[in-house]
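Raw input13.pdb, PDB, C-alpha atoms and all ligand atoms:
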```
ATOM      1  CA  MET A 968      -3.035  14.238   7.463
ATOM      2  CA  ILE A 969      -5.496  12.229   5.336
ATOM      3  CA  GLU A 970      -9.136  12.656   6.318
ATOM      4  CA  ILE A 971     -11.768  10.513   4.639
ATOM      5  CA  ARG A 972     -15.396  11.233   5.429
ATOM      6  CA  GLY A 973     -18.503   9.396   4.219
ATOM      7  CA  LEU A 974     -16.737   7.968   1.180
ATOM      8  CA  SER A 975     -19.026   5.877  -1.020
ATOM      9  CA  LYS A 976     -18.413   4.398  -4.432
ATOM     10  CA  THR A 977     -20.631   2.186  -6.547
ATOM     11  CA  PHE A 978     -19.451   0.556  -9.760
ATOM     12  CA  ILE A 979     -21.822  -0.190 -12.591
ATOM     13  CA  GLY A 980     -20.901  -3.450 -14.287
ATOM     14  CA  GLN A 981     -21.078  -4.165 -17.997
ATOM     15  CA  ASP A 982     -24.293  -6.106 -17.469
ATOM     16  CA  GLY A 983     -25.829  -3.031 -15.806
ATOM     17  CA  GLY A 984     -25.605  -4.543 -12.318
ATOM     18  CA  THR A 985     -24.118  -2.464  -9.519
ATOM     19  CA  VAL A 986     -21.473  -3.206  -6.888
ATOM     20  CA  GLU A 987     -21.180  -0.954  -3.877
ATOM     21  CA  ALA A 988     -17.416  -1.080  -3.386
ATOM     22  CA  LEU A 989     -17.252   1.474  -0.553
ATOM     23  CA  HIS A 990     -20.049   2.433   1.805
ATOM     24  CA  GLU A 991     -19.701   5.588   3.914
ATOM     25  CA  VAL A 992     -16.097   5.022   4.858
ATOM     26  CA  ASP A 993     -14.605   7.328   7.511
ATOM     27  CA  LEU A 994     -10.875   7.077   8.080
ATOM     28  CA  ASP A 995      -8.041   9.242   9.368
ATOM     29  CA  VAL A 996      -4.442   8.511   8.480
ATOM     30  CA  HIS A 997      -2.002  10.313  10.752
ATOM     31  CA  ARG A 998       1.081  12.114   9.532
ATOM     32  CA  ASN A 999       4.063   9.729   9.277
ATOM     33  CA  GLU A1000       1.871   6.795  10.148
ATOM     34  CA  PHE A1001       2.321   3.371   8.577
ATOM     35  CA  LEU A1002      -1.273   2.252   8.131
ATOM     36  CA  THR A1003      -2.027  -1.221   6.827
ATOM     37  CA  VAL A1004      -5.386  -2.199   5.359
ATOM     38  CA  LEU A1005      -6.498  -5.813   5.522
ATOM     39  CA  GLY A1006      -9.633  -7.460   4.209
ATOM     40  CA  PRO A1007     -11.040 -10.237   2.069
ATOM     41  CA  SER A1008     -10.701 -10.098  -1.684
ATOM     42  CA  GLY A1009     -13.249  -7.767  -3.284
ATOM     43  CA  CYS A1010     -13.913  -5.707  -0.142
ATOM     44  CA  GLY A1011     -12.890  -2.445  -1.772
ATOM     45  CA  LYS A1012      -9.231  -2.076  -0.759
ATOM     46  CA  THR A1013      -7.951  -1.137  -4.205
ATOM     47  CA  THR A1014     -10.920   1.174  -4.718
ATOM     48  CA  LEU A1015     -10.118   2.952  -1.447
ATOM     49  CA  LEU A1016      -6.473   3.406  -2.417
ATOM     50  CA  LYS A1017      -7.275   4.627  -5.919
ATOM     51  CA  THR A1018      -9.692   7.228  -4.598
ATOM     52  CA  ILE A1019      -7.007   8.534  -2.210
ATOM     53  CA  ALA A1020      -4.599   8.599  -5.166
ATOM     54  CA  GLY A1021      -7.176  10.617  -7.108
ATOM     55  CA  LEU A1022      -7.128   8.038  -9.885
ATOM     56  CA  ILE A1023     -10.863   7.272  -9.839
ATOM     57  CA  PRO A1024     -13.896   9.404  -9.002
ATOM     58  CA  TRP A1025     -16.244   8.563  -6.131
ATOM     59  CA  ASP A1026     -19.928   9.192  -5.588
ATOM     60  CA  GLU A1027     -20.193  10.712  -2.158
ATOM     61  CA  GLY A1028     -17.944  11.927   0.604
ATOM     62  CA  ASP A1029     -14.780  13.863   0.996
ATOM     63  CA  ILE A1030     -11.048  13.140   0.988
ATOM     64  CA  ARG A1031      -8.661  15.783   2.313
ATOM     65  CA  ILE A1032      -4.892  15.788   2.539
ATOM     66  CA  GLU A1033      -3.499  18.392   4.915
ATOM     67  CA  GLY A1034      -6.898  20.039   4.677
ATOM     68  CA  ALA A1035      -6.951  20.298   0.865
ATOM     69  CA  PRO A1036      -9.636  18.325  -0.970
ATOM     70  CA  VAL A1037      -8.402  15.621  -3.347
ATOM     71  CA  ARG A1038      -9.545  16.344  -6.898
ATOM     72  CA  GLY A1039      -7.124  14.194  -8.856
ATOM     73  CA  PRO A1040      -3.592  12.806  -8.708
ATOM     74  CA  GLY A1041      -0.974  15.104  -7.200
ATOM     75  CA  PRO A1042       2.752  15.345  -6.515
ATOM     76  CA  ASP A1043       2.118  14.737  -2.822
ATOM     77  CA  ARG A1044       1.074  11.107  -3.456
ATOM     78  CA  SER A1045       2.805   8.159  -5.159
ATOM     79  CA  MET A1046       1.400   4.734  -5.799
ATOM     80  CA  VAL A1047       3.110   1.332  -5.942
ATOM     81  CA  PHE A1048       1.162  -1.362  -7.786
ATOM     82  CA  GLN A1049       1.102  -5.127  -7.299
ATOM     83  CA  ASN A1050       1.999  -5.781 -10.939
ATOM     84  CA  PHE A1051       4.824  -3.171 -10.835
ATOM     85  CA  ALA A1052       3.408  -1.210 -13.815
ATOM     86  CA  LEU A1053       6.865  -0.358 -15.179
ATOM     87  CA  LEU A1054       7.588   0.876 -18.694
ATOM     88  CA  PRO A1055       8.854  -2.300 -20.415
ATOM     89  CA  TRP A1056      10.939  -0.530 -23.064
ATOM     90  CA  ALA A1057      12.646   1.845 -20.630
ATOM     91  CA  THR A1058      15.719   1.125 -18.510
ATOM     92  CA  VAL A1059      15.706   0.940 -14.721
ATOM     93  CA  LEU A1060      17.139   4.456 -14.566
ATOM     94  CA  GLU A1061      14.523   5.813 -16.982
ATOM     95  CA  ASN A1062      11.730   4.095 -15.103
ATOM     96  CA  VAL A1063      12.826   5.541 -11.767
ATOM     97  CA  ALA A1064      13.303   8.993 -13.303
ATOM     98  CA  PHE A1065       9.972   8.896 -15.130
ATOM     99  CA  GLY A1066       7.911  10.846 -12.598
ATOM    100  CA  LEU A1067      10.634  13.472 -12.243
ATOM    101  CA  ARG A1068      10.744  13.909 -15.986
ATOM    102  CA  MET A1069       6.975  14.364 -16.109
ATOM    103  CA  ARG A1070       7.413  17.093 -13.527
ATOM    104  CA  GLY A1071      10.020  18.902 -15.544
ATOM    105  CA  VAL A1072      13.027  18.154 -13.323
ATOM    106  CA  GLY A1073      16.214  18.681 -15.374
ATOM    107  CA  ARG A1074      18.284  15.752 -16.581
ATOM    108  CA  ALA A1075      21.234  16.094 -14.219
ATOM    109  CA  GLU A1076      19.111  16.331 -11.089
ATOM    110  CA  ARG A1077      16.789  13.616 -12.346
ATOM    111  CA  GLU A1078      19.672  11.193 -12.799
ATOM    112  CA  GLU A1079      21.337  12.063  -9.537
ATOM    113  CA  ARG A1080      18.172  11.552  -7.516
ATOM    114  CA  SER A1081      17.275   8.387  -9.395
ATOM    115  CA  ARG A1082      20.710   6.831  -8.976
ATOM    116  CA  ALA A1083      20.637   7.534  -5.250
ATOM    117  CA  LEU A1084      17.283   5.773  -4.932
ATOM    118  CA  ILE A1085      18.355   2.853  -7.093
ATOM    119  CA  ASP A1086      21.175   2.486  -4.598
ATOM    120  CA  THR A1087      18.752   2.736  -1.637
ATOM    121  CA  VAL A1088      16.639  -0.134  -2.945
ATOM    122  CA  GLY A1089      19.709  -2.278  -3.616
ATOM    123  CA  LEU A1090      19.795  -2.134  -7.417
ATOM    124  CA  ALA A1091      23.092  -0.330  -8.010
ATOM    125  CA  GLY A1092      24.658  -1.770 -11.172
ATOM    126  CA  PHE A1093      21.286  -2.499 -12.801
ATOM    127  CA  GLU A1094      20.615   1.047 -14.043
ATOM    128  CA  SER A1095      20.626   0.157 -17.727
ATOM    129  CA  LYS A1096      18.695  -3.122 -17.509
ATOM    130  CA  ARG A1097      15.117  -3.315 -18.709
ATOM    131  CA  PRO A1098      12.259  -4.674 -16.556
ATOM    132  CA  GLY A1099      12.063  -7.914 -18.558
ATOM    133  CA  GLU A1100      15.628  -8.738 -17.527
ATOM    134  CA  LEU A1101      14.798  -8.487 -13.808
ATOM    135  CA  SER A1102      13.119 -10.812 -11.308
ATOM    136  CA  GLY A1103       9.742  -9.847  -9.832
ATOM    137  CA  GLY A1104      11.354  -8.698  -6.594
ATOM    138  CA  MET A1105      13.819  -6.506  -8.470
ATOM    139  CA  GLN A1106      11.029  -5.034 -10.574
ATOM    140  CA  GLN A1107       9.179  -4.091  -7.431
ATOM    141  CA  ARG A1108      12.321  -2.426  -6.074
ATOM    142  CA  VAL A1109      12.250  -0.321  -9.229
ATOM    143  CA  GLY A1110       8.562   0.443  -8.591
ATOM    144  CA  LEU A1111       9.401   1.530  -5.054
ATOM    145  CA  ALA A1112      12.342   3.694  -6.166
ATOM    146  CA  ARG A1113      10.164   5.311  -8.829
ATOM    147  CA  ALA A1114       7.485   6.115  -6.265
ATOM    148  CA  LEU A1115      10.017   7.584  -3.829
ATOM    149  CA  ALA A1116      11.850   9.611  -6.487
ATOM    150  CA  VAL A1117       9.243  12.366  -6.522
ATOM    151  CA  ARG A1118       9.560  12.704  -2.722
ATOM    152  CA  PRO A1119       5.894  12.205  -1.959
ATOM    153  CA  GLN A1120       4.367  12.874   1.445
ATOM    154  CA  VAL A1121       2.120   9.870   1.035
ATOM    155  CA  LEU A1122       3.058   6.463  -0.326
ATOM    156  CA  LEU A1123       0.076   4.363  -1.439
ATOM    157  CA  MET A1124       0.918   0.676  -1.828
ATOM    158  CA  ASP A1125      -1.538  -1.863  -3.257
ATOM    159  CA  GLU A1126      -0.438  -5.382  -2.269
ATOM    160  CA  PRO A1127       3.043  -4.477  -3.507
ATOM    161  CA  PHE A1128       4.657  -7.744  -2.420
ATOM    162  CA  GLY A1129       1.787 -10.007  -3.460
ATOM    163  CA  ALA A1130       3.447 -11.141  -6.683
ATOM    164  CA  VAL A1131       6.883 -12.122  -5.368
ATOM    165  CA  ASP A1132       8.120 -15.271  -3.667
ATOM    166  CA  GLU A1133       8.179 -15.589   0.127
ATOM    167  CA  GLN A1134      11.896 -14.958   0.653
ATOM    168  CA  THR A1135      11.912 -11.909  -1.593
ATOM    169  CA  ARG A1136       8.819 -10.667   0.160
ATOM    170  CA  ARG A1137      10.570 -10.787   3.520
ATOM    171  CA  LEU A1138      13.581  -8.910   2.194
ATOM    172  CA  LEU A1139      11.350  -6.264   0.672
ATOM    173  CA  GLN A1140       9.381  -5.917   3.921
ATOM    174  CA  GLU A1141      12.611  -5.327   5.853
ATOM    175  CA  GLU A1142      13.793  -2.840   3.301
ATOM    176  CA  LEU A1143      10.527  -0.943   3.236
ATOM    177  CA  LEU A1144      10.574  -0.749   7.038
ATOM    178  CA  SER A1145      14.074   0.628   7.027
ATOM    179  CA  ILE A1146      13.243   3.199   4.309
ATOM    180  CA  TRP A1147      10.176   4.270   6.272
ATOM    181  CA  GLU A1148      12.120   4.431   9.528
ATOM    182  CA  GLU A1149      14.550   6.808   7.851
ATOM    183  CA  HIS A1150      12.202   8.971   5.761
ATOM    184  CA  ARG A1151       9.039   8.781   7.871
ATOM    185  CA  LEU A1152       6.548   9.127   5.057
ATOM    186  CA  THR A1153       2.863   8.519   5.547
ATOM    187  CA  VAL A1154       2.161   5.053   4.159
ATOM    188  CA  VAL A1155      -1.141   3.368   3.332
ATOM    189  CA  PHE A1156      -0.312  -0.262   2.610
ATOM    190  CA  ILE A1157      -2.900  -2.735   1.358
ATOM    191  CA  THR A1158      -2.374  -6.413   1.966
ATOM    192  CA  HIS A1159      -4.342  -9.597   2.307
ATOM    193  CA  SER A1160      -1.744 -11.034   4.697
ATOM    194  CA  MET A1161      -2.470 -10.720   8.420
ATOM    195  CA  GLU A1162       1.201 -11.271   9.212
ATOM    196  CA  GLU A1163       2.313  -8.532   6.857
ATOM    197  CA  ALA A1164      -0.319  -6.123   8.189
ATOM    198  CA  VAL A1165       0.929  -6.579  11.765
ATOM    199  CA  LEU A1166       4.643  -6.663  10.977
ATOM    200  CA  LEU A1167       4.541  -3.350   9.119
ATOM    201  CA  GLY A1168       1.683  -1.353  10.557
ATOM    202  CA  ASP A1169       1.122   1.119  13.377
ATOM    203  CA  ARG A1170      -2.569   0.285  13.029
ATOM    204  CA  VAL A1171      -4.392  -2.329  10.973
ATOM    205  CA  VAL A1172      -7.627  -1.269   9.297
ATOM    206  CA  LEU A1173      -9.851  -4.292   8.931
ATOM    207  CA  MET A1174     -12.344  -4.013   6.073
ATOM    208  CA  SER A1175     -15.453  -6.103   5.527
ATOM    209  CA  ALA A1176     -17.039  -6.862   2.174
ATOM    210  CA  ARG A1177     -20.333  -6.045   0.521
ATOM    211  CA  PRO A1178     -20.491  -3.207   0.901
ATOM    212  CA  GLY A1179     -16.889  -2.273   1.686
ATOM    213  CA  GLN A1180     -16.774  -0.809   5.172
ATOM    214  CA  ILE A1181     -14.292  -0.481   7.972
ATOM    215  CA  ALA A1182     -15.047  -3.236  10.449
ATOM    216  CA  GLU A1183     -12.436  -2.322  13.022
ATOM    217  CA  ILE A1184      -9.120  -0.580  13.517
ATOM    218  CA  VAL A1185      -6.580  -2.591  15.507
ATOM    219  CA  PRO A1186      -3.573  -0.792  17.016
ATOM    220  CA  VAL A1187      -0.187  -2.515  16.760
ATOM    221  CA  PRO A1188       1.868  -1.334  19.740
ATOM    222  CA  LEU A1189       4.953  -3.348  18.758
ATOM    223  CA  GLU A1190       8.243  -1.523  19.292
ATOM    224  CA  ARG A1191      10.038   0.274  16.505
ATOM    225  CA  PRO A1192      12.382   0.159  14.720
ATOM    226  CA  ARG A1193      11.369  -3.277  13.492
ATOM    227  CA  SER A1194      13.588  -3.572  10.426
ATOM    228  CA  GLY A1195      16.676  -4.808  12.292
ATOM    229  CA  ASP A1196      15.237  -8.128  13.405
ATOM    230  CA  VAL A1197      11.951  -8.972  11.776
ATOM    231  CA  GLY A1198      12.184 -12.525  13.116
ATOM    232  CA  ALA A1199      12.265 -11.270  16.709
ATOM    233  CA  VAL A1200       9.160  -9.162  16.059
ATOM    234  CA  GLU A1201       7.367 -12.221  14.706
ATOM    235  CA  ARG A1202       8.264 -14.305  17.732
ATOM    236  CA  SER A1203       6.991 -11.742  20.222
ATOM    237  CA  GLY A1204       3.869 -12.557  22.217
ATOM    238  CA  GLN A1205       2.147  -9.356  21.133
ATOM    239  CA  TYR A1206       2.660 -10.103  17.449
ATOM    240  CA  VAL A1207       1.243 -13.593  17.848
ATOM    241  CA  GLU A1208      -1.705 -12.267  19.840
ATOM    242  CA  ILE A1209      -2.635  -9.548  17.332
ATOM    243  CA  THR A1210      -2.380 -11.838  14.285
ATOM    244  CA  ALA A1211      -4.532 -14.435  16.061
ATOM    245  CA  TYR A1212      -7.103 -11.773  16.865
ATOM    246  CA  LEU A1213      -7.207 -10.605  13.235
ATOM    247  CA  TRP A1214      -7.653 -14.174  12.073
ATOM    248  CA  ASP A1215     -10.628 -14.620  14.425
ATOM    249  CA  ARG A1216     -12.236 -11.477  13.071
ATOM    250  CA  LEU A1217     -11.657 -12.452   9.434
ATOM    251  CA  ARG A1218     -13.054 -15.908  10.100
ATOM    252  CA  ASP A1219     -16.166 -14.371  11.653
ATOM    253  CA  MET A1220     -16.611 -12.230   8.544
ATOM    254  CA  HIS A1221     -16.433 -15.271   6.297
ATOM    255  CA  ALA A1222     -18.896 -17.119   8.513
ATOM    256  CA  GLU A1223     -21.352 -14.218   8.217
ATOM    257  CA  HIS A1224     -21.303 -14.614   4.456
ATOM    258  CA  ARG A1225     -21.622 -18.392   4.400
ATOM    259  CA  PRO A1226     -25.116 -19.758   3.896
ATOM    260  CA  ALA A1227     -26.409 -21.290   7.150
ATOM    261  CA  LYS A1228     -26.498 -25.071   7.216
ATOM    262  CA  ALA A1229     -29.932 -26.655   7.272
ATOM    263  CA  ALA A1230     -30.932 -27.741  10.752
ATOM    264  CA  GLY A1231     -31.051 -31.451  11.555
TER     265      GLY A1231
HETATM  266  N1  LIG B   1     -13.926  -0.956 -12.673
HETATM  267  C1  LIG B   1     -14.809  -1.733 -12.029
HETATM  268  N2  LIG B   1     -16.015  -2.010 -12.582
HETATM  269  C2  LIG B   1     -16.924  -2.768 -11.931
HETATM  270  N3  LIG B   1     -16.729  -3.295 -10.697
HETATM  271  C3  LIG B   1     -15.557  -3.055 -10.101
HETATM  272  C4  LIG B   1     -14.531  -2.263 -10.728
HETATM  273  N4  LIG B   1     -13.479  -2.198  -9.874
HETATM  274  C5  LIG B   1     -13.820  -2.900  -8.780
HETATM  275  N5  LIG B   1     -15.060  -3.427  -8.901
HETATM  276  C6  LIG B   1     -15.768  -4.230  -7.893
HETATM  277  O1  LIG B   1     -15.749  -3.519  -6.664
HETATM  278  C7  LIG B   1     -15.500  -4.397  -5.579
HETATM  279  C8  LIG B   1     -14.251  -3.963  -4.849
HETATM  280  O2  LIG B   1     -13.128  -4.127  -5.696
HETATM  281  P1  LIG B   1     -11.635  -3.851  -5.233
HETATM  282  O3  LIG B   1     -11.566  -2.470  -4.659
HETATM  283  O4  LIG B   1     -10.749  -4.152  -6.365
HETATM  284  O5  LIG B   1     -11.450  -4.919  -4.058
HETATM  285  P2  LIG B   1     -10.122  -5.498  -3.366
HETATM  286  O6  LIG B   1      -8.973  -4.653  -3.809
HETATM  287  O7  LIG B   1     -10.387  -5.421  -1.897
HETATM  288  O8  LIG B   1      -9.993  -6.918  -3.797
HETATM  289  C9  LIG B   1     -15.395  -5.794  -6.165
HETATM  290  O9  LIG B   1     -16.641  -6.431  -6.053
HETATM  291  C10 LIG B   1     -15.046  -5.535  -7.607
HETATM  292  O10 LIG B   1     -15.518  -6.561  -8.444
HETATM  293 MG    MG B   2      -7.194  -5.120  -4.769
END
```

What does the file become when written as structure tokens?
Amino acid sequence: MIEIRGLSKTFIGQDGGTVEALHEVDLDVHRNEFLTVLGPSGCGKTTLLKTIAGLIPWDEGDIRIEGAPVRGPGPDRSMVFQNFALLPWATVLENVAFGLRMRGVGRAEREERSRALIDTVGLAGFESKRPGELSGGMQQRVGLARALAVRPQVLLMDEPFGAVDEQTRRLLQEELLSIWEEHRLTVVFITHSMEEAVLLGDRVVLMSARPGQIAEIVPVPLERPRSGDVGAVERSGQYVEITAYLWDRLRDMHAEHRPAKAAG
């Protein structure tokens, strides 16, 4: 579905220094897969997602979706951002309908589809509120509904639940699982939480920093559907085992970057 080959990207900072954010990354995302990407801060996760979205150019390599090379943003991909990125002056309904409007979908259909999605994400009754009147969790529900409104094949999510409190995060995780179980989109979900990566993912891509590379891909053979009883998933032996393994690997990565202690 998504094929990434030899993807490299170097940023040039304002001081003229360079940061190699991605170094020859190869990655396949399968159709209808829920792929989670985990790695330390600054390892290139956002850069990877933005290149797939076609939002930023890269230096070398190739990204294909269903065989077609990515050359920019497209209707097949939607992105959900950590900071929601909603239009502050527009209502919930207008925000959700925004992408449809940009694509020339007529008003009646736009509203019908948007209202249905607002309902799906649990915001019925809030259609005419503005983002500033909503909690962080509710704003991210709007972000999710907006992304889904254009019926993308691929949903790209950049730490979408990183800015909400723990309880809201759990509710949103359950809801995202149940939406995915029903619609079976291809999801690439970035997180810095091991628990979240395992709870949601079919596979966890572990990235290492400087330069950003894929260190390992860890399969998550936990049963689905998982949305019904997230607590039971988290208590299972397999879940505990996989999260512990990821923690070991992340700790090793940090150790590799720590200056060695002087002997003696
Ligand atoms: N626009 C930019 N200009 C310069 N450096 C950047 C830019 N965007 C990202 N970087 C650098 O590239 C590296 C990877 O960044 P990013 O993809 O945001 O990492 P992550 O999302 O994993 O935290 C970091 O060192 C970051 O400082
Ligand atoms: Mg990031």

Counting only C-alpha atoms and all ligand atoms, the residue of A:Arg972, A:Arg1080, A:His990, A:His1159 that sits nearest ligand MG 2 (chain B) | A:His1159

Fewer than 5 positions away in the same chain doesn't count, so skip those; otherwise give me all residues within 12 Å of segment 1213-1218 of chain A, counting all atoms listed in the file, as an MDAnalysis selection string.
-> chainID A and resid 1004:1008 1010 1159:1165 1170:1176 1182:1187 1206:1208 1223:1225

I would like the residues chosen by the PyMOL selection byres (((not hetatm)) within 7 of (chain B and resi 2)) on the shown file; could you give them as a PyMOL selection string?
-> chain A and resi 1008-1009+1011-1013+1125

Residue members of the PyMOL selection byres (((chain A and resi 1105) around 12) and not hetatm) in the file shown, as a PyMOL selection string = chain A and resi 1051+1053+1059+1085+1088-1091+1093-1094+1096-1104+1106-1112+1128+1130-1132+1135-1136+1138-1139

Can you tell me, as lines of an AutoDock Vina configuration file, the centre and edge lengths (Å, one decimal) of the axis-aligned box enclosing all of ligand LIG 1 (chain B)'s listed atoms after padding each side by 8 Å?
```
center_x = -12.9
center_y = -3.9
center_z = -7.3
size_x = 24.0
size_y = 22.0
size_z = 26.8
```

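Note that atom CA of Thr977 of chain A and atom N3 of ligand LIG 1 (chain B) are 7.9 Å apart.
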
Mind giving me the straight-line distance from atom CA of Arg1193 of chain A to atom CA of Arg1118 of chain A in Å, one decimal?
-> 22.8 Å

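In terms of minimum interatomic distance to Thr1153 of chain A, A:Glu1033 ranks closest within A:Asp993, A:Glu1126, A:Glu1033, A:Glu1027, counting only C-alpha atoms.
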
Atom CA of Val992 of chain A to atom CA of Ser975 of chain A, distance in Å rounded to a single decimal | 6.6 Å

Between A:Gly1168, A:Pro1024, A:Gly973, A:Gly1179, smallest distance to ligand LIG 1 (chain B) by only C-alpha atoms and all ligand atoms belongs to A:Gly1179

Identify which of the residues A:Ala1064, A:Leu994, A:Ala1222, A:Ala988 lies closest to ligand LIG 1 (chain B), counting all atoms listed in the file when measuring atom-to-atom distances.
-> A:Ala988

Can you find the residues with an atom no farther than 7 Å from (-7.4, 11.1, 11.3), counting all atoms listed in the file, and report them as an NGL selection string?
-> :A and (968-970 or 994-997)

Residue IDs satisfying the PyMOL selection byres (((chain A and resi 1039) around 9) and not hetatm), as a PyMOL selection string = chain A and resi 1018-1024+1037-1038+1040-1041

Export of the given selection (C-alpha atoms) as a compact mmCIF listing (two decimals), in the frame of the given file:
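In the end it all went to part-v9.txt:
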```
# COMPACT_ATOMS: atom_id res chain seq x y z
CA THR A 1018 -9.69 7.23 -4.60
CA ILE A 1019 -7.01 8.53 -2.21
CA ALA A 1020 -4.60 8.60 -5.17
CA GLY A 1021 -7.18 10.62 -7.11
CA LEU A 1022 -7.13 8.04 -9.88
CA ILE A 1023 -10.86 7.27 -9.84
CA PRO A 1024 -13.90 9.40 -9.00
CA VAL A 1037 -8.40 15.62 -3.35
CA ARG A 1038 -9.54 16.34 -6.90
CA PRO A 1040 -3.59 12.81 -8.71
CA GLY A 1041 -0.97 15.10 -7.20
```

Find the residues around Ser1081 of chain A up to 9 Å (only C-alpha atoms counted), leave out those fewer than 6 positions away in its own chain, and share them as a ChimeraX atom specification.
-> /A:1060-1061,1063-1064,1067,1112-1113,1116

Option closest in space to ligand LIG 1 (chain B), from A:Arg1137, A:Lys1017, A:Arg1074, A:Arg998 [counting only C-alpha atoms and all ligand atoms] = A:Lys1017

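Checking A:Phe1156, A:Glu1201, A:Ile1146, A:Thr1003 one by one against Asp1086 of chain A, counting only C-alpha atoms, you find the shortest gap at A:Ile1146.
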
At a cut-off of 10 Å from (9.7, 4.4, 2.7) in the coordinates of the file, what residues are picked up using only C-alpha atoms, written as a ChimeraX atom specification?
-> /A:1001,1111-1112,1114-1115,1118-1119,1121-1122,1142-1154

Using the incomplete input, complete segment 1139-1151 of chain A to the level of N, CA and C atoms; output as a PDB file, in the frame of the given file.
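Saved as result-v4.pdb:
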```pdb
ATOM      1  N   LEU A1139      11.970  -7.540   1.044  1.00  0.00           N
ATOM      2  CA  LEU A1139      11.350  -6.264   0.672  1.00  0.00           C
ATOM      3  C   LEU A1139      10.650  -5.622   1.868  1.00  0.00           C
ATOM      4  N   GLN A1140      10.035  -6.443   2.710  1.00  0.00           N
ATOM      5  CA  GLN A1140       9.381  -5.917   3.921  1.00  0.00           C
ATOM      6  C   GLN A1140      10.415  -5.227   4.815  1.00  0.00           C
ATOM      7  N   GLU A1141      11.554  -5.907   5.019  1.00  0.00           N
ATOM      8  CA  GLU A1141      12.611  -5.327   5.853  1.00  0.00           C
ATOM      9  C   GLU A1141      13.113  -4.019   5.269  1.00  0.00           C
ATOM     10  N   GLU A1142      13.264  -4.028   3.942  1.00  0.00           N
ATOM     11  CA  GLU A1142      13.793  -2.840   3.301  1.00  0.00           C
ATOM     12  C   GLU A1142      12.811  -1.677   3.364  1.00  0.00           C
ATOM     13  N   LEU A1143      11.538  -1.999   3.159  1.00  0.00           N
ATOM     14  CA  LEU A1143      10.527  -0.943   3.236  1.00  0.00           C
ATOM     15  C   LEU A1143      10.481  -0.361   4.649  1.00  0.00           C
ATOM     16  N   LEU A1144      10.555  -1.230   5.649  1.00  0.00           N
ATOM     17  CA  LEU A1144      10.574  -0.749   7.038  1.00  0.00           C
ATOM     18  C   LEU A1144      11.755   0.188   7.257  1.00  0.00           C
ATOM     19  N   SER A1145      12.912  -0.202   6.746  1.00  0.00           N
ATOM     20  CA  SER A1145      14.074   0.628   7.027  1.00  0.00           C
ATOM     21  C   SER A1145      14.001   1.950   6.260  1.00  0.00           C
ATOM     22  N   ILE A1146      13.444   1.939   5.051  1.00  0.00           N
ATOM     23  CA  ILE A1146      13.243   3.199   4.309  1.00  0.00           C
ATOM     24  C   ILE A1146      12.256   4.101   5.059  1.00  0.00           C
ATOM     25  N   TRP A1147      11.188   3.486   5.545  1.00  0.00           N
ATOM     26  CA  TRP A1147      10.176   4.270   6.272  1.00  0.00           C
ATOM     27  C   TRP A1147      10.736   4.799   7.597  1.00  0.00           C
ATOM     28  N   GLU A1148      11.530   3.978   8.264  1.00  0.00           N
ATOM     29  CA  GLU A1148      12.120   4.431   9.528  1.00  0.00           C
ATOM     30  C   GLU A1148      13.007   5.655   9.303  1.00  0.00           C
ATOM     31  N   GLU A1149      13.666   5.682   8.135  1.00  0.00           N
ATOM     32  CA  GLU A1149      14.550   6.808   7.851  1.00  0.00           C
ATOM     33  C   GLU A1149      13.787   8.029   7.348  1.00  0.00           C
ATOM     34  N   HIS A1150      12.841   7.829   6.412  1.00  0.00           N
ATOM     35  CA  HIS A1150      12.202   8.971   5.761  1.00  0.00           C
ATOM     36  C   HIS A1150      10.882   9.375   6.399  1.00  0.00           C
ATOM     37  N   ARG A1151      10.278   8.475   7.164  1.00  0.00           N
ATOM     38  CA  ARG A1151       9.039   8.781   7.871  1.00  0.00           C
ATOM     39  C   ARG A1151       7.949   9.392   6.990  1.00  0.00           C
TER      40      ARG A1151
END
```
